[in-house]
>>> print(open('work-v3.cif').read())   # mmCIF, C-alpha atoms
data_entry
loop_
_atom_site.label_atom_id
_atom_site.label_comp_id
_atom_site.auth_asym_id
_atom_site.auth_seq_id
_atom_site.Cartn_x
_atom_site.Cartn_y
_atom_site.Cartn_z
CA MET E 1 -18.59 -26.64 -21.19
CA SER E 2 -22.26 -26.61 -22.19
CA GLU E 3 -23.14 -23.10 -21.01
CA PRO E 4 -23.79 -20.65 -23.87
CA VAL E 5 -21.09 -18.06 -24.50
CA THR E 6 -22.10 -14.64 -23.12
CA GLY E 7 -18.72 -12.88 -22.88
CA ILE E 8 -15.22 -12.87 -24.31
CA THR E 9 -11.93 -11.31 -23.25
CA THR E 10 -10.24 -9.16 -25.88
CA PRO E 11 -7.06 -7.70 -24.37
CA ILE E 12 -5.58 -4.73 -26.19
CA ARG E 13 -1.85 -4.19 -25.90
CA MET E 14 0.34 -1.36 -27.15
CA GLU E 15 4.14 -1.45 -27.03
CA TYR E 16 6.00 1.70 -27.83
CA ARG E 17 9.01 3.81 -26.90
CA TYR E 18 8.31 6.80 -24.73
CA THR E 19 10.47 9.91 -24.69
CA PRO E 20 9.89 12.59 -22.05
CA GLY E 21 11.53 15.42 -23.97
CA ARG E 22 14.54 17.62 -23.11
CA THR E 23 13.49 19.23 -19.82
CA THR E 24 12.01 16.13 -18.25
CA SER E 25 15.06 14.14 -19.39
CA ASP E 26 17.28 16.55 -17.45
CA PHE E 27 14.89 16.39 -14.50
CA LEU E 28 14.95 12.56 -14.48
CA LYS E 29 18.76 12.46 -14.78
CA ALA E 30 18.96 14.70 -11.71
CA MET E 31 16.54 12.40 -9.87
CA LYS E 32 18.75 9.41 -10.74
CA GLY E 33 21.61 11.30 -9.11
CA GLY E 34 19.53 12.00 -6.01
CA ARG E 35 18.95 15.68 -6.82
CA MET E 36 15.59 17.43 -6.96
CA GLU E 37 15.62 20.12 -9.64
CA GLY E 38 12.94 22.62 -10.58
CA ARG E 39 12.75 25.22 -13.35
CA ARG E 40 11.92 28.90 -12.89
CA CYS E 41 9.68 30.93 -15.20
CA PRO E 42 11.52 34.08 -16.39
CA SER E 43 8.21 35.98 -16.39
CA CYS E 44 6.21 35.10 -13.25
CA ARG E 45 9.24 33.72 -11.33
CA LYS E 46 7.30 30.62 -10.24
CA VAL E 47 9.37 27.45 -9.83
CA TYR E 48 7.93 24.24 -11.26
CA PHE E 49 8.76 20.94 -9.61
CA PRO E 50 8.67 18.46 -11.29
CA ALA E 51 10.46 20.58 -13.90
CA ARG E 52 8.59 21.52 -17.05
CA GLY E 53 9.80 23.00 -20.33
CA GLY E 54 7.71 26.12 -20.10
CA CYS E 55 5.27 28.02 -17.93
CA SER E 56 1.64 26.97 -18.25
CA MET E 57 0.49 30.46 -17.23
CA CYS E 58 2.95 32.72 -19.11
CA GLY E 59 3.85 30.45 -22.03
CA ARG E 60 7.53 31.31 -21.57
CA GLU E 61 10.30 28.76 -21.99
CA PHE E 62 12.26 28.00 -18.84
CA ALA E 63 16.03 28.45 -18.69
CA GLU E 64 16.96 28.64 -15.02
CA THR E 65 17.39 25.44 -13.02
CA VAL E 66 16.64 25.71 -9.30
CA PRO E 67 17.59 23.23 -6.54
CA ILE E 68 14.59 21.98 -4.55
CA LYS E 69 14.78 20.83 -0.92
CA GLU E 70 13.61 17.48 0.44
CA THR E 71 11.42 19.21 2.99
CA GLY E 72 8.04 20.67 2.15
CA THR E 73 4.50 21.49 3.14
CA LEU E 74 1.47 19.27 2.71
CA ALA E 75 -0.95 21.50 0.80
CA THR E 76 -3.79 19.03 0.53
CA PHE E 77 -4.38 15.28 0.70
CA ALA E 78 -6.79 12.40 0.17
CA VAL E 79 -7.39 9.32 2.29
CA VAL E 80 -7.49 6.29 -0.01
CA ASN E 81 -9.76 3.44 1.09
CA VAL E 82 -9.84 1.39 -2.12
CA ASN E 83 -6.76 -0.08 -3.78
CA PHE E 84 -6.48 -0.21 -7.55
CA ALA E 85 -4.63 -2.51 -9.92
CA ASN E 86 -0.84 -2.73 -9.57
CA ARG E 87 -0.83 -0.59 -6.42
CA VAL E 88 -1.33 -2.64 -3.28
CA ILE E 89 -0.65 -0.67 -0.10
CA ASP E 90 -2.17 -1.34 3.31
CA LEU E 91 -5.46 0.56 3.52
CA PRO E 92 -6.28 3.22 4.34
CA TYR E 93 -3.33 5.27 3.12
CA VAL E 94 -2.86 8.97 2.42
CA THR E 95 -1.83 10.48 -0.89
CA ALA E 96 -0.55 14.03 -0.46
CA GLU E 97 0.05 17.09 -2.61
CA VAL E 98 3.33 18.47 -1.29
CA VAL E 99 4.97 21.84 -2.05
CA PHE E 100 8.64 21.07 -1.65
CA ASP E 101 10.66 23.99 -0.30
CA GLY E 102 11.92 26.06 -3.22
CA ALA E 103 9.01 25.07 -5.48
CA ASP E 104 5.75 26.83 -6.29
CA THR E 105 3.88 23.76 -7.53
CA THR E 106 2.69 20.60 -5.79
CA THR E 107 3.88 17.03 -6.27
CA MET E 108 1.63 14.03 -5.59
CA VAL E 109 3.37 11.62 -3.24
CA LEU E 110 2.54 8.93 -0.72
CA LEU E 111 2.43 10.02 2.94
CA ARG E 112 3.57 7.62 5.65
CA GLY E 113 4.38 7.81 9.34
CA VAL E 114 1.09 9.32 10.45
CA SER E 115 -2.42 7.89 10.74
CA PRO E 116 -5.09 9.27 8.37
CA GLU E 117 -6.97 10.80 11.32
CA GLU E 118 -3.98 12.98 12.21
CA VAL E 119 -3.17 14.31 8.74
CA ARG E 120 -3.81 18.01 8.26
CA MET E 121 -3.14 20.69 5.69
CA GLY E 122 0.03 22.66 6.39
CA MET E 123 1.94 19.72 7.93
CA ARG E 124 5.67 19.86 7.40
CA VAL E 125 7.09 16.75 5.75
CA LYS E 126 10.35 15.35 4.37
CA ALA E 127 11.03 13.07 1.44
CA HIS E 128 12.14 9.51 2.11
CA TRP E 129 14.13 8.05 -0.76
CA ILE E 130 14.35 4.43 -1.86
CA PRO E 131 17.80 2.82 -1.39
CA LYS E 132 20.47 4.64 -3.43
CA GLU E 133 21.43 1.54 -5.43
CA GLU E 134 17.83 1.43 -6.73
CA TRP E 135 17.69 5.05 -7.93
CA ASP E 136 16.42 5.27 -11.49
CA TYR E 137 15.28 7.96 -13.95
CA SER E 138 12.11 8.37 -11.94
CA LEU E 139 10.22 10.55 -9.50
CA ALA E 140 9.45 7.25 -7.76
CA ASN E 141 12.95 7.48 -6.21
CA ILE E 142 11.04 9.44 -3.59
CA ASP E 143 9.28 6.54 -1.92
CA TYR E 144 7.11 8.68 0.34
CA VAL E 145 7.10 11.73 2.60
CA GLU E 146 6.83 11.60 6.38
CA PRO E 147 6.10 14.27 8.99
CA ILE E 148 8.94 16.23 10.58
CA ASP E 149 8.97 18.01 13.92
CA GLU E 150 8.26 21.57 12.75
CA PRO E 151 5.29 23.89 13.31
CA ASP E 152 2.62 23.73 10.61
CA ALA E 153 3.00 26.20 7.75
CA GLU E 154 0.70 29.23 7.64
CA TYR E 155 -2.30 28.72 5.37
CA ASP E 156 -1.40 31.80 3.34
CA SER E 157 1.90 30.15 2.31
CA TYR E 158 0.12 27.41 0.33
CA LYS E 159 -3.46 28.67 -0.14
CA ASP E 160 -2.99 29.17 -3.90
CA LEU E 161 -2.05 25.52 -4.30
CA VAL E 162 -5.05 23.94 -2.60
CA MET W 1 21.32 20.23 -26.26
CA SER W 2 21.19 17.43 -23.71
CA ASP W 3 20.62 13.80 -24.54
CA VAL W 4 16.95 12.98 -24.45
CA LEU W 5 15.89 9.86 -22.59
CA SER W 6 13.60 7.20 -24.03
CA ALA W 7 12.31 3.91 -22.67
CA PRO W 8 10.02 1.05 -23.70
CA HIS W 9 6.47 1.46 -22.51
CA VAL W 10 3.65 -1.09 -22.50
CA MET W 11 0.00 -0.27 -22.10
CA GLU W 12 -2.54 -3.05 -21.84
CA PHE W 13 -6.29 -3.14 -21.30
CA PRO W 14 -7.76 -6.55 -20.39
CA TYR W 15 -11.23 -5.89 -21.78
CA THR W 16 -14.08 -8.32 -21.13
CA ARG W 17 -16.89 -7.84 -23.59
CA SER W 18 -20.48 -8.99 -23.56
CA THR W 19 -21.30 -10.85 -26.76
CA GLY W 20 -25.06 -10.36 -26.90
CA PRO W 21 -27.37 -13.22 -27.93
CA VAL W 22 -26.43 -13.57 -31.63
CA VAL W 23 -22.63 -13.35 -31.44
CA GLY W 24 -22.82 -15.48 -28.29
CA ALA W 25 -24.74 -18.16 -30.18
CA PHE W 26 -22.27 -17.98 -33.08
CA LEU W 27 -19.29 -18.42 -30.73
CA THR W 28 -21.09 -21.19 -28.83
CA GLY W 29 -21.55 -22.92 -32.20
CA LEU W 30 -17.84 -22.63 -33.00
CA ARG W 31 -17.04 -24.32 -29.69
CA ASP W 32 -19.17 -27.25 -30.91
CA GLN W 33 -17.52 -27.17 -34.38
CA LYS W 34 -20.67 -25.72 -35.94
CA VAL W 35 -20.85 -22.55 -38.03
CA LEU W 36 -24.14 -20.69 -37.61
CA ALA W 37 -25.61 -18.19 -40.06
CA TYR W 38 -28.72 -16.05 -40.47
CA HIS W 39 -31.34 -16.64 -43.15
CA SER W 40 -32.06 -13.02 -44.00
CA SER W 41 -35.50 -11.62 -44.93
CA ASP W 42 -34.33 -11.13 -48.53
CA GLY W 43 -33.41 -14.79 -48.82
CA THR W 44 -29.64 -14.48 -48.48
CA VAL W 45 -27.75 -16.45 -45.86
CA VAL W 46 -25.41 -14.20 -43.88
CA CYS W 47 -22.39 -15.68 -42.09
CA PRO W 48 -21.30 -14.69 -39.49
CA PRO W 49 -24.86 -13.77 -38.44
CA PRO W 50 -25.72 -10.10 -37.84
CA GLU W 51 -27.59 -8.86 -34.78
CA TYR W 52 -30.27 -7.16 -36.89
CA ASP W 53 -31.82 -7.97 -40.25
CA ALA W 54 -30.28 -5.58 -42.79
CA HIS W 55 -33.63 -4.98 -44.53
CA THR W 56 -36.34 -5.12 -41.85
CA VAL W 57 -33.96 -4.03 -39.03
CA ALA W 58 -35.74 -6.58 -36.82
CA PRO W 59 -33.59 -8.18 -34.11
CA VAL W 60 -32.21 -11.56 -35.19
CA GLU W 61 -33.40 -14.44 -33.02
CA ALA W 62 -30.54 -16.69 -31.99
CA ALA W 63 -32.87 -19.71 -31.98
CA LYS W 64 -33.52 -19.28 -35.70
CA LEU W 65 -29.89 -19.39 -36.82
CA ILE W 66 -29.07 -22.13 -39.30
CA GLU W 67 -25.92 -24.19 -39.75
CA VAL W 68 -23.72 -23.86 -42.83
CA ALA W 69 -20.82 -26.06 -43.97
CA SER W 70 -17.28 -25.93 -42.64
CA GLU W 71 -16.01 -25.90 -46.24
CA GLY W 72 -16.22 -23.11 -48.75
CA VAL W 73 -14.56 -21.05 -51.43
CA VAL W 74 -12.06 -18.17 -51.28
CA THR W 75 -13.63 -15.00 -52.67
CA SER W 76 -10.65 -12.73 -52.01
CA TRP W 77 -7.32 -12.85 -50.20
CA SER W 78 -4.28 -10.85 -49.18
CA TRP W 79 -0.78 -12.15 -48.41
CA ASN W 80 0.71 -11.19 -45.06
CA PRO W 81 4.50 -11.46 -45.48
CA ALA W 82 5.43 -10.07 -42.03
CA PRO W 83 3.15 -11.36 -39.24
CA ARG W 84 2.90 -9.29 -36.09
CA ASP W 85 2.31 -10.20 -32.47
CA GLY W 86 -1.22 -11.47 -32.03
CA ASN W 87 -1.51 -12.80 -35.59
CA PRO W 88 -2.60 -16.45 -35.91
CA PHE W 89 0.82 -17.50 -37.25
CA ASP W 90 4.39 -16.36 -36.72
CA ARG W 91 5.20 -17.17 -40.35
CA PRO W 92 3.82 -15.63 -43.54
CA PHE W 93 0.22 -16.54 -44.27
CA ALA W 94 -2.83 -15.14 -46.07
CA TRP W 95 -5.90 -13.33 -44.86
CA ALA W 96 -8.85 -14.65 -46.85
CA LEU W 97 -12.53 -13.96 -47.33
CA VAL W 98 -14.26 -17.35 -47.40
CA LYS W 99 -17.85 -18.03 -48.48
CA LEU W 100 -18.87 -21.20 -46.71
CA ASP W 101 -21.15 -23.63 -48.57
CA GLY W 102 -24.72 -22.66 -47.76
CA ALA W 103 -23.84 -19.01 -47.11
CA ASP W 104 -24.10 -16.03 -49.48
CA THR W 105 -21.58 -13.79 -47.70
CA SER W 106 -17.90 -14.23 -46.86
CA MET W 107 -16.11 -14.24 -43.52
CA LEU W 108 -12.54 -13.12 -42.85
CA HIS W 109 -9.97 -15.47 -41.36
CA ALA W 110 -6.42 -16.69 -41.79
CA LEU W 111 -5.58 -19.12 -44.58
CA ASP W 112 -2.63 -21.43 -44.02
CA ALA W 113 -1.32 -22.25 -47.50
CA GLU W 114 1.67 -21.72 -49.75
CA ARG W 115 1.48 -18.37 -51.43
CA GLY W 116 1.72 -19.87 -54.89
CA ALA W 117 -1.13 -22.26 -54.17
CA ILE W 118 -3.65 -19.58 -53.26
CA GLU W 119 -6.15 -18.29 -55.79
CA THR W 120 -9.61 -16.83 -55.71
CA GLY W 121 -12.10 -19.64 -56.15
CA MET W 122 -10.00 -22.28 -54.40
CA ARG W 123 -11.76 -24.69 -52.06
CA VAL W 124 -10.86 -24.43 -48.38
CA ARG W 125 -12.06 -25.94 -45.13
CA ILE W 126 -11.94 -24.98 -41.48
CA ARG W 127 -9.06 -26.29 -39.39
CA TRP W 128 -10.56 -26.41 -35.91
CA ALA W 129 -8.49 -25.51 -32.87
CA ALA W 130 -7.72 -28.47 -30.63
CA GLU W 131 -9.01 -26.57 -27.61
CA ARG W 132 -12.16 -24.56 -28.27
CA VAL W 133 -13.42 -21.99 -25.79
CA GLY W 134 -16.14 -20.08 -27.64
CA PHE W 135 -14.04 -17.55 -29.52
CA ILE W 136 -13.30 -16.73 -33.17
CA ASN W 137 -9.93 -18.48 -32.77
CA ASP W 138 -11.82 -21.76 -32.29
CA ILE W 139 -11.38 -21.65 -36.06
CA ALA W 140 -7.59 -22.01 -36.07
CA CYS W 141 -7.54 -21.07 -39.76
CA PHE W 142 -8.72 -22.21 -43.17
CA GLU W 143 -6.67 -24.74 -45.13
CA PRO W 144 -6.82 -26.02 -48.71
CA ALA W 145 -9.58 -28.62 -49.12
CA GLY W 146 -8.27 -30.10 -52.37
CA GLY W 147 -10.45 -31.17 -55.31
#
>>> encode(input="work-v3.cif", output="structure tokens")
Amino acid sequence: MSEPVTGITTPIRMEYRYTPGRTTSDFLKAMKGGRMEGRRCPSCRKVYFPARGGCSMCGREFAETVPIKETGTLATFAVVNVNFANRVIDLPYVTAEVVFDGADTTTMVLLRGVSPEEVRMGMRVKAHWIPKEEWDYSLANIDYVEPIDEPDAEYDSYKDLV
Amino acid sequence: MSDVLSAPHVMEFPYTRSTGPVVGAFLTGLRDQKVLAYHSSDGTVVCPPPEYDAHTVAPVEAAKLIEVASEGVVTSWSWNPAPRDGNPFDRPFAWALVKLDGADTSMLHALDAERGAIETGMRVRIRWAAERVGFINDIACFEPAGG
């Protein structure tokens, strides 16, 4: 222990209670029950999934709840070659932006069941849930999406979400 | 209105910081149970040492730091009745400004003493940590020196 000191560790820690608000609370309760729920804007009619309290384009508060399907279209994706803290998955893996059927927004979710070389925009996918007894108030109940045997979606159907 | 969810949330950043030559030398000194200070261009002795001279703004040379005593006098203090996580003690204690003998400025640290026994001007000394790693907590706290 004779080396001069050149560095110190000074961890900073914050503990607090987080509340997601009314709409996201309802959304997370639905997720805990295994249901995917979006909200529709009364003005532009777009459906947000995950549900939000109001429309980011129109500024209108949402009232209508819309069921969202487990199937969807991969709008865009990234191949991840470097892991980061607290997320250790075999590399490389694919993180996808998926438009679930019934929604007009994308959700970021892990893609499995296909090699990175074969991933393409427009692929049809389906959500794979974690075991029911582990469902929590979390979007992470959807463990990943995997390809399904359907023709790719037309580019025009998701071009505004890329 | 529906019931709104809430949950505990913890956020933590494990920062590693570079000390630079002067703070590094100061912390190295603490590890060796020595308190280093800077003999400023105006004649005052500043402890802990600054990285630049307050008057000439010249960089302070670590090699020119001088040692001051591990005993001193309380110049000001504040009672902490409800310690929080990360505080030096889990029971009430004082934060004190202590001017070590040989220094002209005061440094902040914990003072482990009965509340009724603390007064400005009292003599205190460093209680060294049993395990010293080159950190400000190598000074466990100050304690009454008696006399």
>>> residues_around(input="work-v3.cif", residues="Lys46 in chain E", least_positions_apart="3", cutoff="9 Å", atoms="all atoms listed in the file", output="ChimeraX atom specification")
/E:39-43,55,103-105
>>> interface_residues(input="work-v3.cif", of="chain E", to="chain W", cutoff="6 Å", atoms="all atoms listed in the file", output="list in words")
Pro4, Val5, Thr6, Gly7, Ile8, Thr9, Thr10, Pro11, Ile12, Arg13, Met14, Glu15, Tyr16, Arg17, Tyr18, Thr19, Gly21, Arg22 and Ser25 of chain E
>>> write_last_selection(input="work-v3.cif", atoms="C-alpha atoms", output="JSON list (two decimals), keeping the file's coordinate frame")
[["chain", "number", "residue", "atom", "x", "y", "z"],
["E", 4, "PRO", "CA", -23.79, -20.65, -23.87],
["E", 5, "VAL", "CA", -21.09, -18.06, -24.50],
["E", 6, "THR", "CA", -22.10, -14.64, -23.12],
["E", 7, "GLY", "CA", -18.72, -12.88, -22.88],
["E", 8, "ILE", "CA", -15.22, -12.87, -24.31],
["E", 9, "THR", "CA", -11.93, -11.31, -23.25],
["E", 10, "THR", "CA", -10.24, -9.16, -25.88],
["E", 11, "PRO", "CA", -7.06, -7.70, -24.37],
["E", 12, "ILE", "CA", -5.58, -4.73, -26.19],
["E", 13, "ARG", "CA", -1.85, -4.19, -25.90],
["E", 14, "MET", "CA", 0.34, -1.36, -27.15],
["E", 15, "GLU", "CA", 4.14, -1.45, -27.03],
["E", 16, "TYR", "CA", 6.00, 1.70, -27.83],
["E", 17, "ARG", "CA", 9.01, 3.81, -26.90],
["E", 18, "TYR", "CA", 8.31, 6.80, -24.73],
["E", 19, "THR", "CA", 10.47, 9.91, -24.69],
["E", 21, "GLY", "CA", 11.53, 15.42, -23.97],
["E", 22, "ARG", "CA", 14.54, 17.62, -23.11],
["E", 25, "SER", "CA", 15.06, 14.14, -19.39]]
>>> axis_aligned_box(input="work-v3.cif", around="range 109-117 of chain W", padding_each_side="4 Å", output="JSON")
{"center_x": -4.1, "center_y": -18.9, "center_z": -48.1, "size_x": 19.7, "size_y": 14.8, "size_z": 21.5}
>>> atom_distance(input="work-v3.cif", atom1="CA of Ile89 in chain E", atom2="CA of Thr76 in chain E")
20.0 Å
>>> resolve_selection(input="work-v3.cif", expression="the PyMOL selection byres ((chain W and resi 103) around 9)", output="list in words")
Ala37, Tyr38, His39, Thr44, Val45, Val46, Cys47, Val68, Ala69, Gly72, Lys99, Leu100, Asp101, Gly102, Asp104, Thr105 and Ser106 of chain W
>>> resolve_selection(input="work-v3.cif", expression="the PyMOL selection byres ((chain E and resi 141-156) around 7)", output="PyMOL selection string")
chain E and resi 73+109-113+122-130+135-136+138-140+157-159
>>> write_last_selection(input="work-v3.cif", atoms="C-alpha atoms", output="compact mmCIF listing (two decimals), keeping the file's coordinate frame")
# COMPACT_ATOMS: atom_id res chain seq x y z
CA THR E 73 4.50 21.49 3.14
CA VAL E 109 3.37 11.62 -3.24
CA LEU E 110 2.54 8.93 -0.72
CA LEU E 111 2.43 10.02 2.94
CA ARG E 112 3.57 7.62 5.65
CA GLY E 113 4.38 7.81 9.34
CA GLY E 122 0.03 22.66 6.39
CA MET E 123 1.94 19.72 7.93
CA ARG E 124 5.67 19.86 7.40
CA VAL E 125 7.09 16.75 5.75
CA LYS E 126 10.35 15.35 4.37
CA ALA E 127 11.03 13.07 1.44
CA HIS E 128 12.14 9.51 2.11
CA TRP E 129 14.13 8.05 -0.76
CA ILE E 130 14.35 4.43 -1.86
CA TRP E 135 17.69 5.05 -7.93
CA ASP E 136 16.42 5.27 -11.49
CA SER E 138 12.11 8.37 -11.94
CA LEU E 139 10.22 10.55 -9.50
CA ALA E 140 9.45 7.25 -7.76
CA SER E 157 1.90 30.15 2.31
CA TYR E 158 0.12 27.41 0.33
CA LYS E 159 -3.46 28.67 -0.14
>>> residues_around(input="work-v3.cif", residues="Lys69 in chain E", least_positions_apart="4", cutoff="7 Å", atoms="all atoms listed in the file", output="ChimeraX atom specification")
/E:36,100-102
>>> atom_distance(input="work-v3.cif", atom1="CA of Arg127 in chain W", atom2="CA of Ile139 in chain W")
6.2 Å
